[in-house]
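K.L.:
Provided herewith is a single structure, encoded as structure tokens, for subsequent inquiry.
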Amino acid sequence: MSNADLRRLDREIRATTKKLEAVRRGELWPLNSHERRAMLRAAAGGAYRTLRGRTTGRAETQIESTGTAAEMRLTAELNALHGERQRLITEAARAKAAKKSSGWW
């Protein structure tokens, strides 16, 4: 393990955390293309139904479920990155302990 690997993982963890916070605020930029299309499709459908004087319940549900799915995806990514970081740290500690115990003292 090198410090570069840890720095790269830390940078990705920070970026993913920023994306997760943005999704929780309702921003669209962190969504992937599938999620973004679903959000825009639901918003367009809801706008059309509002224009016609009908209820927008289904469109609102679609927007909420898409936001929840994006939040779950980013949370899973964040957990995977934290797990990988912990694995690298543990691996480095084991290597250091093995190197230290094999020494002359």
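Residues in the structure tokens are named by chain (A, B, ... in the order shown) and by number from 1 within that chain; ligands are numbered from 1 in the order shown.
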Select from chain A everything DSSP, run on the backbone, classes as alpha helix (DSSP H), then give the selection as a PDB file with C-alpha atoms, in the first residue's frame.

P.N.:
```
ATOM      1  CA  ASN A   3       0.143   6.841   0.425  1.00  0.00           C
ATOM      2  CA  ALA A   4      -0.981   7.575  -3.129  1.00  0.00           C
ATOM      3  CA  ASP A   5      -3.585   4.805  -2.891  1.00  0.00           C
ATOM      4  CA  LEU A   6      -4.912   6.202   0.375  1.00  0.00           C
ATOM      5  CA  ARG A   7      -4.980   9.739  -1.005  1.00  0.00           C
ATOM      6  CA  ARG A   8      -6.869   8.540  -4.082  1.00  0.00           C
ATOM      7  CA  LEU A   9      -9.400   6.721  -1.912  1.00  0.00           C
ATOM      8  CA  ASP A  10      -9.766   9.718   0.408  1.00  0.00           C
ATOM      9  CA  ARG A  11     -10.398  11.964  -2.602  1.00  0.00           C
ATOM     10  CA  GLU A  12     -13.058   9.575  -3.928  1.00  0.00           C
ATOM     11  CA  ILE A  13     -14.660   9.330  -0.484  1.00  0.00           C
ATOM     12  CA  ARG A  14     -14.873  13.139  -0.276  1.00  0.00           C
ATOM     13  CA  ALA A  15     -16.344  13.343  -3.794  1.00  0.00           C
ATOM     14  CA  THR A  16     -18.921  10.641  -3.063  1.00  0.00           C
ATOM     15  CA  THR A  17     -19.870  12.326   0.205  1.00  0.00           C
ATOM     16  CA  LYS A  18     -20.418  15.606  -1.652  1.00  0.00           C
ATOM     17  CA  LYS A  19     -22.567  13.800  -4.215  1.00  0.00           C
ATOM     18  CA  LEU A  20     -24.627  12.151  -1.476  1.00  0.00           C
ATOM     19  CA  GLU A  21     -25.246  15.480   0.246  1.00  0.00           C
ATOM     20  CA  ALA A  22     -26.255  17.031  -3.086  1.00  0.00           C
ATOM     21  CA  VAL A  23     -28.736  14.215  -3.772  1.00  0.00           C
ATOM     22  CA  ARG A  24     -30.233  14.712  -0.310  1.00  0.00           C
ATOM     23  CA  ARG A  25     -30.676  18.415  -1.158  1.00  0.00           C
ATOM     24  CA  SER A  33     -27.918   9.197 -16.810  1.00  0.00           C
ATOM     25  CA  HIS A  34     -30.633   6.640 -16.056  1.00  0.00           C
ATOM     26  CA  GLU A  35     -31.650   8.386 -12.838  1.00  0.00           C
ATOM     27  CA  ARG A  36     -31.514  11.819 -14.471  1.00  0.00           C
ATOM     28  CA  ARG A  37     -33.755  10.683 -17.350  1.00  0.00           C
ATOM     29  CA  ALA A  38     -36.245   9.163 -14.893  1.00  0.00           C
ATOM     30  CA  MET A  39     -36.353  12.396 -12.865  1.00  0.00           C
ATOM     31  CA  LEU A  40     -36.843  14.594 -15.920  1.00  0.00           C
ATOM     32  CA  ARG A  41     -39.464  12.259 -17.373  1.00  0.00           C
ATOM     33  CA  ALA A  42     -41.432  12.321 -14.100  1.00  0.00           C
ATOM     34  CA  ALA A  43     -41.098  16.115 -13.842  1.00  0.00           C
ATOM     35  CA  ALA A  44     -42.316  16.563 -17.416  1.00  0.00           C
ATOM     36  CA  GLY A  45     -45.228  14.194 -16.826  1.00  0.00           C
ATOM     37  CA  GLY A  46     -46.135  15.990 -13.620  1.00  0.00           C
ATOM     38  CA  ALA A  47     -45.994  19.372 -15.344  1.00  0.00           C
ATOM     39  CA  TYR A  48     -48.252  18.108 -18.112  1.00  0.00           C
ATOM     40  CA  ARG A  49     -50.759  16.726 -15.622  1.00  0.00           C
ATOM     41  CA  THR A  50     -50.680  19.987 -13.658  1.00  0.00           C
ATOM     42  CA  LEU A  51     -51.325  21.905 -16.846  1.00  0.00           C
ATOM     43  CA  GLY A  57     -49.230  11.987  -7.212  1.00  0.00           C
ATOM     44  CA  ARG A  58     -47.672   9.411  -9.485  1.00  0.00           C
ATOM     45  CA  ALA A  59     -45.008  11.787 -10.782  1.00  0.00           C
ATOM     46  CA  GLU A  60     -44.121  12.881  -7.249  1.00  0.00           C
ATOM     47  CA  THR A  61     -43.808   9.253  -6.184  1.00  0.00           C
ATOM     48  CA  GLN A  62     -41.522   8.547  -9.160  1.00  0.00           C
ATOM     49  CA  ILE A  63     -39.308  11.525  -8.310  1.00  0.00           C
ATOM     50  CA  GLU A  64     -39.061  10.454  -4.659  1.00  0.00           C
ATOM     51  CA  SER A  65     -38.282   6.833  -5.510  1.00  0.00           C
ATOM     52  CA  THR A  66     -35.615   7.863  -8.033  1.00  0.00           C
ATOM     53  CA  GLY A  67     -34.005  10.154  -5.442  1.00  0.00           C
ATOM     54  CA  THR A  68     -34.091   7.374  -2.857  1.00  0.00           C
ATOM     55  CA  ALA A  69     -32.505   4.916  -5.311  1.00  0.00           C
ATOM     56  CA  ALA A  70     -29.721   7.392  -6.083  1.00  0.00           C
ATOM     57  CA  GLU A  71     -29.144   7.952  -2.378  1.00  0.00           C
ATOM     58  CA  MET A  72     -28.932   4.194  -1.766  1.00  0.00           C
ATOM     59  CA  ARG A  73     -26.483   3.787  -4.680  1.00  0.00           C
ATOM     60  CA  LEU A  74     -24.201   6.526  -3.371  1.00  0.00           C
ATOM     61  CA  THR A  75     -24.385   5.166   0.181  1.00  0.00           C
ATOM     62  CA  ALA A  76     -23.350   1.734  -1.088  1.00  0.00           C
ATOM     63  CA  GLU A  77     -20.456   3.300  -3.026  1.00  0.00           C
ATOM     64  CA  LEU A  78     -19.370   5.184   0.078  1.00  0.00           C
ATOM     65  CA  ASN A  79     -19.471   2.031   2.207  1.00  0.00           C
ATOM     66  CA  ALA A  80     -17.425   0.147  -0.395  1.00  0.00           C
ATOM     67  CA  LEU A  81     -14.810   2.919  -0.478  1.00  0.00           C
ATOM     68  CA  HIS A  82     -14.559   2.967   3.320  1.00  0.00           C
ATOM     69  CA  GLY A  83     -14.177  -0.823   3.321  1.00  0.00           C
ATOM     70  CA  GLU A  84     -11.419  -0.666   0.712  1.00  0.00           C
ATOM     71  CA  ARG A  85      -9.619   2.038   2.687  1.00  0.00           C
ATOM     72  CA  GLN A  86      -9.803  -0.043   5.854  1.00  0.00           C
ATOM     73  CA  ARG A  87      -8.517  -3.104   3.970  1.00  0.00           C
ATOM     74  CA  LEU A  88      -5.500  -1.156   2.685  1.00  0.00           C
ATOM     75  CA  ILE A  89      -4.695   0.162   6.163  1.00  0.00           C
ATOM     76  CA  THR A  90      -4.984  -3.309   7.708  1.00  0.00           C
ATOM     77  CA  GLU A  91      -2.819  -4.817   4.971  1.00  0.00           C
ATOM     78  CA  ALA A  92      -0.128  -2.187   5.534  1.00  0.00           C
ATOM     79  CA  ALA A  93      -0.201  -2.736   9.304  1.00  0.00           C
ATOM     80  CA  ARG A  94       0.202  -6.502   8.844  1.00  0.00           C
ATOM     81  CA  ALA A  95       3.124  -5.995   6.471  1.00  0.00           C
ATOM     82  CA  LYS A  96       4.768  -3.597   8.913  1.00  0.00           C
ATOM     83  CA  ALA A  97       4.271  -6.001  11.822  1.00  0.00           C
ATOM     84  CA  ALA A  98       5.676  -8.917   9.811  1.00  0.00           C
ATOM     85  CA  LYS A  99       8.684  -6.856   8.777  1.00  0.00           C
ATOM     86  CA  LYS A 100       9.267  -5.751  12.354  1.00  0.00           C
ATOM     87  CA  SER A 101       8.963  -9.254  13.826  1.00  0.00           C
TER      88      SER A 101
END
```
